[in-house]
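Student: Structure file query-v8.pdb, PDB, C-alpha atoms (C1' of nucleotides), is pasted below:
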```
ATOM      1  CA  MET L 693      33.963 -57.121  -5.967
ATOM      2  CA  ARG L 694      36.467 -57.497  -3.145
ATOM      3  CA  ILE L 695      36.777 -55.496   0.030
ATOM      4  CA  GLY L 696      39.079 -52.790  -1.360
ATOM      5  CA  GLN L 697      36.828 -51.605  -4.156
ATOM      6  CA  PHE L 698      33.762 -52.212  -2.041
ATOM      7  CA  ALA L 699      35.021 -49.982   0.745
ATOM      8  CA  GLN L 700      36.214 -47.311  -1.644
ATOM      9  CA  ARG L 701      32.889 -47.113  -3.451
ATOM     10  CA  ALA L 702      31.203 -46.549  -0.115
ATOM     11  CA  GLY L 703      33.764 -44.006   1.051
ATOM     12  CA  VAL L 704      35.102 -46.038   3.933
ATOM     13  CA  THR L 705      38.178 -48.175   4.595
ATOM     14  CA  PRO L 706      38.415 -51.966   4.483
ATOM     15  CA  ARG L 707      39.033 -51.876   8.190
ATOM     16  CA  THR L 708      35.643 -50.240   8.680
ATOM     17  CA  VAL L 709      33.956 -52.913   6.577
ATOM     18  CA  ARG L 710      35.478 -55.697   8.676
ATOM     19  CA  TYR L 711      34.527 -53.840  11.821
ATOM     20  CA  TYR L 712      30.915 -53.571  10.691
ATOM     21  CA  GLU L 713      30.948 -57.260   9.871
ATOM     22  CA  SER L 714      32.183 -58.006  13.383
ATOM     23  CA  LEU L 715      29.199 -56.071  14.733
ATOM     24  CA  GLY L 716      26.776 -57.906  12.495
ATOM     25  CA  LEU L 717      25.946 -54.870  10.375
ATOM     26  CA  LEU L 718      27.224 -56.564   7.262
ATOM     27  CA  GLY L 719      26.883 -60.272   6.761
ATOM     28  CA  PRO L 720      29.775 -62.700   6.582
ATOM     29  CA  ASN L 721      29.623 -63.301   2.866
ATOM     30  CA  GLU L 722      30.882 -65.903   0.511
ATOM     31  CA  ARG L 723      34.528 -66.576   0.964
ATOM     32  CA  GLU L 724      35.467 -68.047  -2.387
ATOM     33  CA  GLY L 725      38.878 -69.460  -3.083
ATOM     34  CA  GLY L 726      41.495 -68.041  -0.804
ATOM     35  CA  GLY L 727      39.266 -66.732   1.918
ATOM     36  CA  PHE L 728      38.613 -63.303   0.408
ATOM     37  CA  ARG L 729      35.384 -61.422   1.017
ATOM     38  CA  TYR L 730      33.336 -60.779  -2.125
ATOM     39  CA  TYR L 731      30.530 -58.218  -2.236
ATOM     40  CA  THR L 732      27.649 -57.328  -4.522
ATOM     41  CA  GLU L 733      25.698 -54.156  -5.263
ATOM     42  CA  VAL L 734      23.131 -55.204  -2.704
ATOM     43  CA  GLU L 735      25.699 -55.179   0.056
ATOM     44  CA  LEU L 736      26.916 -51.831  -1.216
ATOM     45  CA  ALA L 737      23.466 -50.327  -0.893
ATOM     46  CA  ARG L 738      23.341 -51.623   2.642
ATOM     47  CA  LEU L 739      26.670 -50.068   3.529
ATOM     48  CA  GLN L 740      25.590 -46.762   2.030
ATOM     49  CA  LYS L 741      22.403 -46.867   4.068
ATOM     50  CA  ILE L 742      24.520 -47.406   7.156
ATOM     51  CA  ASN L 743      26.488 -44.289   6.298
ATOM     52  CA  VAL L 744      23.321 -42.245   5.947
ATOM     53  CA  LEU L 745      22.036 -43.405   9.311
ATOM     54  CA  LYS L 746      25.407 -42.634  10.867
ATOM     55  CA  GLY L 747      25.211 -39.148   9.438
ATOM     56  CA  LEU L 748      21.970 -38.715  11.327
ATOM     57  CA  GLY L 749      23.722 -39.431  14.571
ATOM     58  CA  LEU L 750      22.617 -43.010  15.140
ATOM     59  CA  SER L 751      25.178 -45.176  16.871
ATOM     60  CA  LEU L 752      26.301 -48.416  15.268
ATOM     61  CA  ASP L 753      24.347 -50.287  17.900
ATOM     62  CA  GLU L 754      21.196 -48.405  17.015
ATOM     63  CA  ILE L 755      21.827 -48.970  13.337
ATOM     64  CA  ALA L 756      22.167 -52.673  13.997
ATOM     65  CA  VAL L 757      18.604 -52.566  15.268
ATOM     66  CA  VAL L 758      17.123 -50.562  12.416
ATOM     67  CA  ILE L 759      19.049 -51.698   9.368
ATOM     68  CA  PRO L 760      17.482 -55.144   8.985
ATOM     69  CA  LEU L 761      14.199 -53.410   8.186
ATOM     70  CA  TYR L 762      15.583 -52.118   4.965
ATOM     71  CA  PHE L 763      17.047 -55.344   3.677
ATOM     72  CA  GLU L 764      15.500 -58.268   5.419
ATOM     73  CA  ASP L 765      11.993 -59.428   5.895
ATOM     74  CA  SER L 766      11.560 -59.824   9.571
ATOM     75  CA  THR L 767       8.950 -62.437  10.213
ATOM     76  CA  GLY L 768       6.595 -63.027  13.048
ATOM     77  CA  LEU L 769       4.114 -60.707  14.644
ATOM     78  CA  ARG L 770       5.992 -60.253  17.886
ATOM     79  CA  GLY L 771       9.130 -59.172  16.059
ATOM     80  CA  LYS L 772       7.151 -56.663  14.041
ATOM     81  CA  ARG L 773       5.576 -55.176  17.149
ATOM     82  CA  LYS L 774       8.962 -54.796  18.774
ATOM     83  CA  VAL L 775      10.368 -53.118  15.706
ATOM     84  CA  LEU L 776       7.364 -50.826  15.685
ATOM     85  CA  GLU L 777       8.141 -49.781  19.239
ATOM     86  CA  ILE L 778      11.712 -48.965  18.403
ATOM     87  CA  LEU L 779      10.798 -47.058  15.297
ATOM     88  CA  ASN L 780       8.212 -44.983  17.111
ATOM     89  CA  ALA L 781      10.745 -44.094  19.765
ATOM     90  CA  HIS L 782      13.175 -43.051  17.058
ATOM     91  CA  LEU L 783      10.436 -41.019  15.437
ATOM     92  CA  GLN L 784       9.797 -39.099  18.623
ATOM     93  CA  GLU L 785      13.493 -38.464  19.166
ATOM     94  CA  THR L 786      13.767 -37.360  15.576
ATOM     95  CA  GLU L 787      10.970 -34.864  15.910
ATOM     96  CA  GLU L 788      12.474 -33.415  19.060
ATOM     97  CA  LYS L 789      15.800 -33.113  17.310
ATOM     98  CA  LEU L 790      14.135 -31.378  14.405
ATOM     99  CA  GLU L 791      12.626 -28.835  16.724
ATOM    100  CA  SER L 792      15.899 -28.168  18.532
ATOM    101  CA  LEU L 793      17.721 -27.953  15.259
ATOM    102  CA  ASN L 794      15.285 -25.374  13.936
ATOM    103  CA  GLN L 795      15.747 -23.347  17.097
ATOM    104  CA  PHE L 796      19.505 -23.629  16.739
ATOM    105  CA  ARG L 797      19.302 -22.499  13.151
ATOM    106  CA  SER L 798      17.294 -19.466  14.117
ATOM    107  CA  ASP L 799      19.735 -18.636  16.916
ATOM    108  CA  LEU L 800      22.595 -18.906  14.463
ATOM    109  CA  LYS L 801      20.880 -16.572  12.034
ATOM    110  CA  THR L 802      20.221 -14.040  14.748
ATOM    111  CA  ASN L 803      23.839 -14.032  15.789
ATOM    112  CA  ILE L 804      25.048 -13.822  12.224
ATOM    113  CA  ASP L 805      22.828 -10.843  11.522
ATOM    114  CA  ARG L 806      23.914  -9.125  14.706
ATOM    115  CA  ILE L 807      27.590  -9.518  13.931
ATOM    116  CA  GLN L 808      27.146  -8.576  10.296
ATOM    117  CA  GLN L 809      25.410  -5.405  11.360
ATOM    118  CA  TRP L 810      28.171  -4.591  13.820
ATOM    119  CA  ILE L 811      30.707  -5.028  11.030
ATOM    120  CA  ASP L 812      28.718  -2.857   8.661
ATOM    121  CA  GLU L 813      28.439  -0.098  11.219
ATOM    122  CA  HIS L 814      32.148  -0.109  11.970
ATOM    123  CA  ALA L 815      33.310  -0.380   8.370
TER     124      ALA L 815
ATOM    125  CA  MET V1448      25.730 -22.844  44.902
ATOM    126  CA  ARG V1449      28.527 -25.390  44.918
ATOM    127  CA  ILE V1450      29.429 -27.953  42.313
ATOM    128  CA  GLY V1451      27.193 -30.732  43.588
ATOM    129  CA  GLN V1452      23.916 -28.860  43.386
ATOM    130  CA  PHE V1453      25.066 -27.058  40.281
ATOM    131  CA  ALA V1454      25.742 -30.287  38.437
ATOM    132  CA  GLN V1455      22.555 -31.905  39.630
ATOM    133  CA  ARG V1456      20.393 -29.017  38.506
ATOM    134  CA  ALA V1457      21.912 -29.311  35.040
ATOM    135  CA  GLY V1458      21.573 -33.071  34.960
ATOM    136  CA  VAL V1459      25.287 -33.792  34.850
ATOM    137  CA  THR V1460      27.938 -34.919  37.330
ATOM    138  CA  PRO V1461      30.532 -32.784  39.123
ATOM    139  CA  ARG V1462      33.178 -34.566  37.140
ATOM    140  CA  THR V1463      31.567 -33.325  33.942
ATOM    141  CA  VAL V1464      31.565 -29.763  35.264
ATOM    142  CA  ARG V1465      35.265 -29.914  36.080
ATOM    143  CA  TYR V1466      35.935 -31.442  32.699
ATOM    144  CA  TYR V1467      34.102 -28.626  30.934
ATOM    145  CA  GLU V1468      36.064 -26.135  32.989
ATOM    146  CA  SER V1469      39.298 -27.780  31.878
ATOM    147  CA  LEU V1470      38.177 -27.284  28.277
ATOM    148  CA  GLY V1471      37.303 -23.653  28.858
ATOM    149  CA  LEU V1472      33.577 -24.169  28.392
ATOM    150  CA  LEU V1473      32.897 -22.973  31.898
ATOM    151  CA  GLY V1474      35.010 -20.312  33.509
ATOM    152  CA  PRO V1475      37.252 -20.852  36.495
ATOM    153  CA  ASN V1476      35.061 -19.037  38.983
ATOM    154  CA  GLU V1477      35.538 -17.559  42.363
ATOM    155  CA  ARG V1478      37.206 -19.926  44.741
ATOM    156  CA  GLU V1479      36.157 -18.442  48.049
ATOM    157  CA  GLY V1480      37.632 -19.694  51.251
ATOM    158  CA  GLY V1481      38.752 -23.256  50.967
ATOM    159  CA  GLY V1482      39.090 -23.524  47.250
ATOM    160  CA  PHE V1483      35.555 -24.645  46.401
ATOM    161  CA  ARG V1484      33.871 -23.686  43.172
ATOM    162  CA  TYR V1485      30.766 -21.521  43.544
ATOM    163  CA  TYR V1486      28.269 -21.031  40.743
ATOM    164  CA  THR V1487      25.379 -18.714  39.930
ATOM    165  CA  GLU V1488      22.259 -18.993  37.817
ATOM    166  CA  VAL V1489      24.133 -17.396  34.960
ATOM    167  CA  GLU V1490      26.628 -20.244  34.870
ATOM    168  CA  LEU V1491      23.731 -22.662  35.104
ATOM    169  CA  ALA V1492      22.124 -21.189  32.017
ATOM    170  CA  ARG V1493      25.427 -21.566  30.239
ATOM    171  CA  LEU V1494      25.764 -25.205  31.221
ATOM    172  CA  GLN V1495      22.205 -25.886  30.088
ATOM    173  CA  LYS V1496      22.955 -24.251  26.759
ATOM    174  CA  ILE V1497      25.942 -26.532  26.415
ATOM    175  CA  ASN V1498      23.685 -29.513  26.967
ATOM    176  CA  VAL V1499      21.305 -28.376  24.272
ATOM    177  CA  LEU V1500      24.121 -27.941  21.773
ATOM    178  CA  LYS V1501      25.461 -31.355  22.696
ATOM    179  CA  GLY V1502      22.042 -32.823  22.053
ATOM    180  CA  LEU V1503      22.299 -31.453  18.545
ATOM    181  CA  GLY V1504      25.445 -33.424  17.944
ATOM    182  CA  LEU V1505      28.011 -30.649  18.342
ATOM    183  CA  SER V1506      31.306 -31.768  19.826
ATOM    184  CA  LEU V1507      32.659 -30.038  22.907
ATOM    185  CA  ASP V1508      35.323 -28.436  20.734
ATOM    186  CA  GLU V1509      32.668 -27.023  18.442
ATOM    187  CA  ILE V1510      30.658 -25.842  21.400
ATOM    188  CA  ALA V1511      33.740 -24.094  22.750
ATOM    189  CA  VAL V1512      33.722 -22.050  19.561
ATOM    190  CA  VAL V1513      30.043 -21.175  19.539
ATOM    191  CA  ILE V1514      29.172 -20.772  23.206
ATOM    192  CA  PRO V1515      30.934 -17.439  23.827
ATOM    193  CA  LEU V1516      28.474 -15.828  21.440
ATOM    194  CA  TYR V1517      25.663 -16.432  23.845
ATOM    195  CA  PHE V1518      27.385 -15.115  26.918
ATOM    196  CA  GLU V1519      30.349 -12.980  26.010
ATOM    197  CA  ASP V1520      31.009 -10.025  23.804
ATOM    198  CA  SER V1521      33.769 -10.964  21.452
ATOM    199  CA  THR V1522      35.685  -7.871  20.495
ATOM    200  CA  GLY V1523      37.579  -6.719  17.486
ATOM    201  CA  LEU V1524      36.637  -6.722  13.813
ATOM    202  CA  ARG V1525      38.902  -9.601  12.836
ATOM    203  CA  GLY V1526      37.491 -11.769  15.572
ATOM    204  CA  LYS V1527      33.976 -10.964  14.451
ATOM    205  CA  ARG V1528      34.734 -11.880  10.873
ATOM    206  CA  LYS V1529      36.196 -15.193  11.935
ATOM    207  CA  VAL V1530      33.212 -15.965  14.120
ATOM    208  CA  LEU V1531      30.978 -15.075  11.196
ATOM    209  CA  GLU V1532      32.760 -17.641   9.053
ATOM    210  CA  ILE V1533      32.342 -20.354  11.617
ATOM    211  CA  LEU V1534      28.704 -19.562  12.189
ATOM    212  CA  ASN V1535      27.909 -19.611   8.495
ATOM    213  CA  ALA V1536      29.571 -22.996   8.171
ATOM    214  CA  HIS V1537      27.505 -24.231  11.081
ATOM    215  CA  LEU V1538      24.402 -22.809   9.471
ATOM    216  CA  GLN V1539      25.028 -24.744   6.290
ATOM    217  CA  GLU V1540      25.701 -27.944   8.190
ATOM    218  CA  THR V1541      22.572 -27.372  10.192
ATOM    219  CA  GLU V1542      20.428 -26.980   7.123
ATOM    220  CA  GLU V1543      21.837 -30.137   5.599
ATOM    221  CA  LYS V1544      21.159 -31.983   8.810
ATOM    222  CA  LEU V1545      17.620 -30.668   8.844
ATOM    223  CA  GLU V1546      17.072 -32.008   5.369
ATOM    224  CA  SER V1547      18.502 -35.422   6.184
ATOM    225  CA  LEU V1548      16.528 -35.554   9.372
ATOM    226  CA  ASN V1549      13.298 -34.800   7.535
ATOM    227  CA  GLN V1550      14.103 -37.544   5.054
ATOM    228  CA  PHE V1551      14.834 -39.908   7.929
ATOM    229  CA  ARG V1552      11.566 -39.009   9.581
ATOM    230  CA  SER V1553       9.637 -39.708   6.430
ATOM    231  CA  ASP V1554      11.427 -43.049   5.988
ATOM    232  CA  LEU V1555      10.568 -43.952   9.532
ATOM    233  CA  LYS V1556       6.928 -43.113   9.002
ATOM    234  CA  THR V1557       6.812 -45.176   5.842
ATOM    235  CA  ASN V1558       8.240 -48.177   7.625
ATOM    236  CA  ILE V1559       5.947 -47.715  10.588
ATOM    237  CA  ASP V1560       2.900 -47.540   8.346
ATOM    238  CA  ARG V1561       4.006 -50.572   6.389
ATOM    239  CA  ILE V1562       4.496 -52.648   9.499
ATOM    240  CA  GLN V1563       1.317 -51.418  11.108
ATOM    241  CA  GLN V1564      -0.594 -52.383   8.011
ATOM    242  CA  TRP V1565       1.003 -55.811   7.986
ATOM    243  CA  ILE V1566      -0.051 -56.272  11.590
ATOM    244  CA  ASP V1567      -3.588 -55.113  10.873
ATOM    245  CA  GLU V1568      -3.899 -57.497   7.957
ATOM    246  CA  HIS V1569      -2.667 -60.435   9.975
ATOM    247  CA  ALA V1570      -4.601 -59.658  13.122
TER     248      ALA V1570
ATOM    249  C1'  DT I1488      57.590 -67.839 -12.711
ATOM    250  C1'  DC I1489      58.146 -63.573 -10.617
ATOM    251  C1'  DT I1490      56.544 -59.738  -8.428
ATOM    252  C1'  DA I1491      53.542 -55.977  -7.240
ATOM    253  C1'  DT I1492      49.306 -55.461  -5.194
ATOM    254  C1'  DC I1493      45.560 -56.948  -2.608
ATOM    255  C1'  DC I1494      43.866 -59.627   1.046
ATOM    256  C1'  DT I1495      43.962 -62.256   5.730
ATOM    257  C1'  DT I1496      43.885 -62.249  11.107
ATOM    258  C1'  DA I1497      45.676 -60.504  15.370
ATOM    259  C1'  DA I1498      46.737 -57.069  18.229
ATOM    260  C1'  DC I1499      47.993 -52.696  19.877
ATOM    261  C1'  DG I1500      47.037 -47.413  19.441
ATOM    262  C1'  DT I1501      43.902 -43.219  19.486
ATOM    263  C1'  DA I1502      40.543 -39.400  20.469
ATOM    264  C1'  DA I1503      36.392 -37.959  22.819
ATOM    265  C1'  DA I1504      33.826 -37.660  26.938
ATOM    266  C1'  DC I1505      33.601 -38.729  30.739
ATOM    267  C1'  DG I1506      33.659 -42.672  35.176
ATOM    268  C1'  DT I1507      35.961 -44.047  39.138
ATOM    269  C1'  DC I1508      38.953 -44.573  42.594
ATOM    270  C1'  DA I1509      42.598 -42.621  46.250
ATOM    271  C1'  DG I1510      43.973 -39.573  49.625
ATOM    272  C1'  DA I1511      43.712 -35.011  51.519
ATOM    273  C1'  DT I1512      40.971 -30.799  52.785
ATOM    274  C1'  DT I1513      36.699 -27.976  53.838
ATOM    275  C1'  DT I1514      32.120 -27.290  55.340
ATOM    276  C1'  DG I1515      28.202 -27.312  58.207
ATOM    277  C1'  DA I1516      24.960 -29.523  61.413
ATOM    278  C1'  DG I1517      24.577 -31.136  66.117
TER     279       DG I1517
ATOM    280  C1'  DC Z1358      34.342 -29.102  68.834
ATOM    281  C1'  DT Z1359      33.407 -33.142  66.220
ATOM    282  C1'  DC Z1360      32.468 -35.803  62.508
ATOM    283  C1'  DA Z1361      29.949 -37.171  58.397
ATOM    284  C1'  DA Z1362      29.227 -35.255  53.886
ATOM    285  C1'  DA Z1363      30.926 -32.562  50.226
ATOM    286  C1'  DT Z1364      34.813 -31.041  47.623
ATOM    287  C1'  DC Z1365      39.619 -30.916  46.056
ATOM    288  C1'  DT Z1366      43.477 -32.668  42.775
ATOM    289  C1'  DG Z1367      45.648 -36.197  40.366
ATOM    290  C1'  DA Z1368      45.574 -40.365  37.810
ATOM    291  C1'  DC Z1369      44.156 -44.488  35.787
ATOM    292  C1'  DG Z1370      39.908 -46.966  33.512
ATOM    293  C1'  DT Z1371      36.053 -47.210  29.854
ATOM    294  C1'  DT Z1372      33.445 -47.008  25.556
ATOM    295  C1'  DT Z1373      32.941 -46.008  20.599
ATOM    296  C1'  DA Z1374      34.634 -46.236  16.110
ATOM    297  C1'  DC Z1375      37.787 -46.985  13.995
ATOM    298  C1'  DG Z1376      43.597 -46.346  12.521
ATOM    299  C1'  DT Z1377      47.848 -48.666  12.202
ATOM    300  C1'  DT Z1378      51.435 -51.803  12.023
ATOM    301  C1'  DA Z1379      52.972 -56.852  11.753
ATOM    302  C1'  DA Z1380      53.493 -61.098   9.505
ATOM    303  C1'  DG Z1381      51.936 -63.717   6.424
ATOM    304  C1'  DG Z1382      48.823 -65.829   2.087
ATOM    305  C1'  DA Z1383      46.316 -64.991  -2.622
ATOM    306  C1'  DT Z1384      45.948 -63.009  -7.321
ATOM    307  C1'  DA Z1385      47.019 -61.095 -11.677
ATOM    308  C1'  DG Z1386      49.769 -59.211 -15.166
ATOM    309  C1'  DA Z1387      54.580 -59.261 -17.517
TER     310       DA Z1387
END
```
Please render this file's structure as structure tokens.
Tutor:
Amino acid sequence: MRIGQFAQRAGVTPRTVRYYESLGLLGPNEREGGGFRYYTEVELARLQKINVLKGLGLSLDEIAVVIPLYFEDSTGLRGKRKVLEILNAHLQETEEKLESLNQFRSDLKTNIDRIQQWIDEHA
Amino acid sequence: MRIGQFAQRAGVTPRTVRYYESLGLLGPNEREGGGFRYYTEVELARLQKINVLKGLGLSLDEIAVVIPLYFEDSTGLRGKRKVLEILNAHLQETEEKLESLNQFRSDLKTNIDRIQQWIDEHA
DNA sequence: TCTATCCTTAACGTAAACGTCAGATTTGAG
DNA sequence: CTCAAATCTGACGTTTACGTTAAGGATAGA
């Protein structure tokens, strides 16, 4: 599959795919024949994973650090320890975000109820 | 309190404060005497709230929509209904984010455990 | 073979959220 | 009163994550 279909199936533009490649998020693949990029389902899964992580608010730089874990086998003990560090930091951040988000949700609900009640009273 | 101390107590820079003012997130306050901005604890609470919302990934534009609810009394039925719409949309987004974030957290834990186990085995 | 469509690189444009000067004015401590 | 420190208003610079031409080469169906 070439870049057009590849990008479309992931819900992004070809430009985005090339940009990610330039950042090292997607590998420089086979360039058969006329210099076109060809992708497989494996690469597609990777791109979709990137989108999920982006949706969680990770920057592309952060994703570049985490994404290899899903698709490559990092080798060496020191590398693993480093990755462990990073992941634990992300875990802590994530849990703090979860807490804030729950608080935010409850604030939202309170406000919604308050306004709804005001509307009901003045209907 | 003037802008320097104000900004510092909120963990931002004076430039950020002026920027927020230009967006309408913080009011154009009293400009006693020589044209300096003077702030109170109330404004500080507002600025801190803005920081929390930012930490949750809301854009300044989105915050501009939500923040008045915490500190001002929006008036009029039509306004209330509109605000209600926006808040409900935010609530839905928030709940989706919560779900994704929980998934992300569980993925992280899985990876951490996997790596930790690998390290233990090869220690 | 022709042509419509897809692909290539290179380079400039954009929006958000500030940072960073420059040059003038105000404040407050000594 | 004096003078360094803080503040003021522009205005241009920066980063992230792409969008958007421009000018050409490759591919596939009629």
Student: With the file shown as input, list the residues that the PyMOL selection byres ((chain V) within 10 of (chain I)) selects, as a PyMOL selection string.
Tutor: chain V and resi 1460+1462-1463+1466-1467+1480-1483+1506-1508
Student: Name the residues that the PyMOL selection byres ((chain L and resi 788) around 12) picks from the file above, as a list in words, using the file's chain letters and numbers.
Tutor: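 Selected by the PyMOL selection byres ((chain L and resi 788) around 12) here: Ala781, His782, Leu783, Gln784, Glu785, Thr786, Glu787, Lys789, Leu790, Glu791, Ser792, Leu793, Asn794 and Gln795 of chain L; Val1499, Gly1502, Leu1503, Leu1545, Leu1548, Asn1549 and Arg1552 of chain V.
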Student: Please provide chain L as a CSV table (one decimal) with C-alpha atoms, in the frame of the given file, once it has been superposed on chain V by least squares across all sequentially paired Cα atoms.
Tutor:
```
chain,number,residue,atom,x,y,z
L,693,MET,CA,26.1,-22.4,45.0
L,694,ARG,CA,28.8,-25.1,45.1
L,695,ILE,CA,29.5,-27.7,42.5
L,696,GLY,CA,27.2,-30.4,43.8
L,697,GLN,CA,24.0,-28.4,43.6
L,698,PHE,CA,25.2,-26.6,40.4
L,699,ALA,CA,25.7,-29.9,38.6
L,700,GLN,CA,22.5,-31.4,39.8
L,701,ARG,CA,20.4,-28.4,38.7
L,702,ALA,CA,21.9,-28.8,35.2
L,703,GLY,CA,21.4,-32.6,35.2
L,704,VAL,CA,25.1,-33.5,35.1
L,705,THR,CA,27.7,-34.7,37.6
L,706,PRO,CA,30.4,-32.6,39.3
L,707,ARG,CA,32.9,-34.6,37.3
L,708,THR,CA,31.4,-33.3,34.1
L,709,VAL,CA,31.5,-29.7,35.4
L,710,ARG,CA,35.2,-30.0,36.2
L,711,TYR,CA,35.8,-31.6,32.9
L,712,TYR,CA,34.1,-28.7,31.1
L,713,GLU,CA,36.2,-26.3,33.1
L,714,SER,CA,39.4,-28.1,32.0
L,715,LEU,CA,38.3,-27.6,28.4
L,716,GLY,CA,37.6,-23.9,29.0
L,717,LEU,CA,33.8,-24.3,28.5
L,718,LEU,CA,33.2,-23.0,32.0
L,719,GLY,CA,35.4,-20.4,33.6
L,720,PRO,CA,37.6,-21.0,36.6
L,721,ASN,CA,35.5,-19.1,39.1
L,722,GLU,CA,36.0,-17.6,42.5
L,723,ARG,CA,37.6,-20.1,44.9
L,724,GLU,CA,36.5,-18.6,48.2
L,725,GLY,CA,37.8,-20.0,51.5
L,726,GLY,CA,38.9,-23.5,51.2
L,727,GLY,CA,39.3,-23.7,47.5
L,728,PHE,CA,35.7,-24.7,46.6
L,729,ARG,CA,34.1,-23.7,43.3
L,730,TYR,CA,31.1,-21.4,43.7
L,731,TYR,CA,28.6,-20.8,40.9
L,732,THR,CA,25.9,-18.3,40.0
L,733,GLU,CA,22.7,-18.5,37.9
L,734,VAL,CA,24.6,-17.0,35.0
L,735,GLU,CA,27.0,-19.9,35.0
L,736,LEU,CA,24.0,-22.2,35.2
L,737,ALA,CA,22.5,-20.7,32.1
L,738,ARG,CA,25.8,-21.3,30.4
L,739,LEU,CA,25.9,-24.9,31.4
L,740,GLN,CA,22.4,-25.5,30.3
L,741,LYS,CA,23.1,-23.9,26.9
L,742,ILE,CA,26.1,-26.3,26.6
L,743,ASN,CA,23.7,-29.2,27.2
L,744,VAL,CA,21.3,-27.9,24.5
L,745,LEU,CA,24.1,-27.6,22.0
L,746,LYS,CA,25.4,-31.1,22.9
L,747,GLY,CA,21.9,-32.4,22.3
L,748,LEU,CA,22.2,-31.1,18.7
L,749,GLY,CA,25.2,-33.2,18.1
L,750,LEU,CA,27.9,-30.5,18.5
L,751,SER,CA,31.2,-31.8,20.0
L,752,LEU,CA,32.6,-30.1,23.1
L,753,ASP,CA,35.3,-28.6,20.9
L,754,GLU,CA,32.7,-27.1,18.6
L,755,ILE,CA,30.8,-25.8,21.5
L,756,ALA,CA,33.9,-24.2,22.8
L,757,VAL,CA,33.9,-22.2,19.6
L,758,VAL,CA,30.3,-21.2,19.7
L,759,ILE,CA,29.4,-20.7,23.3
L,760,PRO,CA,31.3,-17.5,23.9
L,761,LEU,CA,28.9,-15.8,21.5
L,762,TYR,CA,26.1,-16.3,24.0
L,763,PHE,CA,27.8,-15.0,27.1
L,764,GLU,CA,30.7,-12.9,26.1
L,765,ASP,CA,31.1,-9.8,24.0
L,766,SER,CA,33.8,-10.7,21.5
L,767,THR,CA,35.5,-7.6,20.4
L,768,GLY,CA,37.4,-6.6,17.3
L,769,LEU,CA,36.3,-6.8,13.7
L,770,ARG,CA,38.5,-9.7,12.8
L,771,GLY,CA,37.2,-11.8,15.6
L,772,LYS,CA,33.6,-11.1,14.5
L,773,ARG,CA,34.4,-12.0,10.9
L,774,LYS,CA,35.9,-15.3,12.0
L,775,VAL,CA,32.9,-16.1,14.1
L,776,LEU,CA,30.7,-15.2,11.2
L,777,GLU,CA,32.5,-17.8,9.1
L,778,ILE,CA,32.1,-20.5,11.6
L,779,LEU,CA,28.4,-19.7,12.2
L,780,ASN,CA,27.6,-19.8,8.5
L,781,ALA,CA,29.3,-23.1,8.2
L,782,HIS,CA,27.3,-24.4,11.1
L,783,LEU,CA,24.2,-23.0,9.5
L,784,GLN,CA,24.8,-24.9,6.2
L,785,GLU,CA,25.5,-28.1,8.1
L,786,THR,CA,22.4,-27.6,10.1
L,787,GLU,CA,20.2,-27.1,7.0
L,788,GLU,CA,21.6,-30.3,5.4
L,789,LYS,CA,20.9,-32.2,8.6
L,790,LEU,CA,17.4,-30.8,8.6
L,791,GLU,CA,16.9,-32.1,5.2
L,792,SER,CA,18.3,-35.6,5.9
L,793,LEU,CA,16.3,-35.7,9.1
L,794,ASN,CA,13.1,-35.0,7.3
L,795,GLN,CA,13.9,-37.7,4.8
L,796,PHE,CA,14.6,-40.1,7.6
L,797,ARG,CA,11.3,-39.2,9.3
L,798,SER,CA,9.4,-39.9,6.1
L,799,ASP,CA,11.2,-43.2,5.6
L,800,LEU,CA,10.4,-44.2,9.2
L,801,LYS,CA,6.7,-43.3,8.6
L,802,THR,CA,6.6,-45.4,5.4
L,803,ASN,CA,8.1,-48.4,7.2
L,804,ILE,CA,5.8,-48.0,10.1
L,805,ASP,CA,2.7,-47.8,7.9
L,806,ARG,CA,3.9,-50.8,5.9
L,807,ILE,CA,4.4,-53.0,9.0
L,808,GLN,CA,1.2,-51.8,10.6
L,809,GLN,CA,-0.7,-52.8,7.5
L,810,TRP,CA,0.9,-56.2,7.4
L,811,ILE,CA,-0.1,-56.7,11.1
L,812,ASP,CA,-3.7,-55.6,10.4
L,813,GLU,CA,-3.9,-58.0,7.4
L,814,HIS,CA,-2.7,-60.9,9.4
L,815,ALA,CA,-4.7,-60.2,12.6
```
Student: Residues of chain Z within 10 Å of chain L, counting only C-alpha atoms (C1' of nucleotides) - could you list those as a list of chain:residue names?
Tutor: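 Here they are: Z:DT1373, Z:DA1374, Z:DC1375, Z:DG1376, Z:DG1382, Z:DA1383, Z:DT1384.
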Student: Restrict the selected residues to C-alpha atoms (C1' of nucleotides) and save them as an mmCIF file, in the coordinates of the input.
Tutor:
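part_37.cif was written with the following content:
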```
data_model
loop_
_atom_site.group_PDB
_atom_site.id
_atom_site.type_symbol
_atom_site.label_atom_id
_atom_site.label_comp_id
_atom_site.auth_asym_id
_atom_site.auth_seq_id
_atom_site.Cartn_x
_atom_site.Cartn_y
_atom_site.Cartn_z
ATOM 1 C "C1'" DT Z 1373 32.941 -46.008 20.599
ATOM 2 C "C1'" DA Z 1374 34.634 -46.236 16.110
ATOM 3 C "C1'" DC Z 1375 37.787 -46.985 13.995
ATOM 4 C "C1'" DG Z 1376 43.597 -46.346 12.521
ATOM 5 C "C1'" DG Z 1382 48.823 -65.829 2.087
ATOM 6 C "C1'" DA Z 1383 46.316 -64.991 -2.622
ATOM 7 C "C1'" DT Z 1384 45.948 -63.009 -7.321
#
```
Student: Give the answer as one residue: which of V:Gln1563, V:Arg1484, V:Glu1468, V:Glu1477 has the shortest atom-to-atom distance to V:Ala1511, using all atoms listed in the file?
Tutor: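 Checking each of V:Gln1563, V:Arg1484, V:Glu1468, V:Glu1477 against V:Ala1511, counting all atoms listed in the file, the winner is V:Glu1468.
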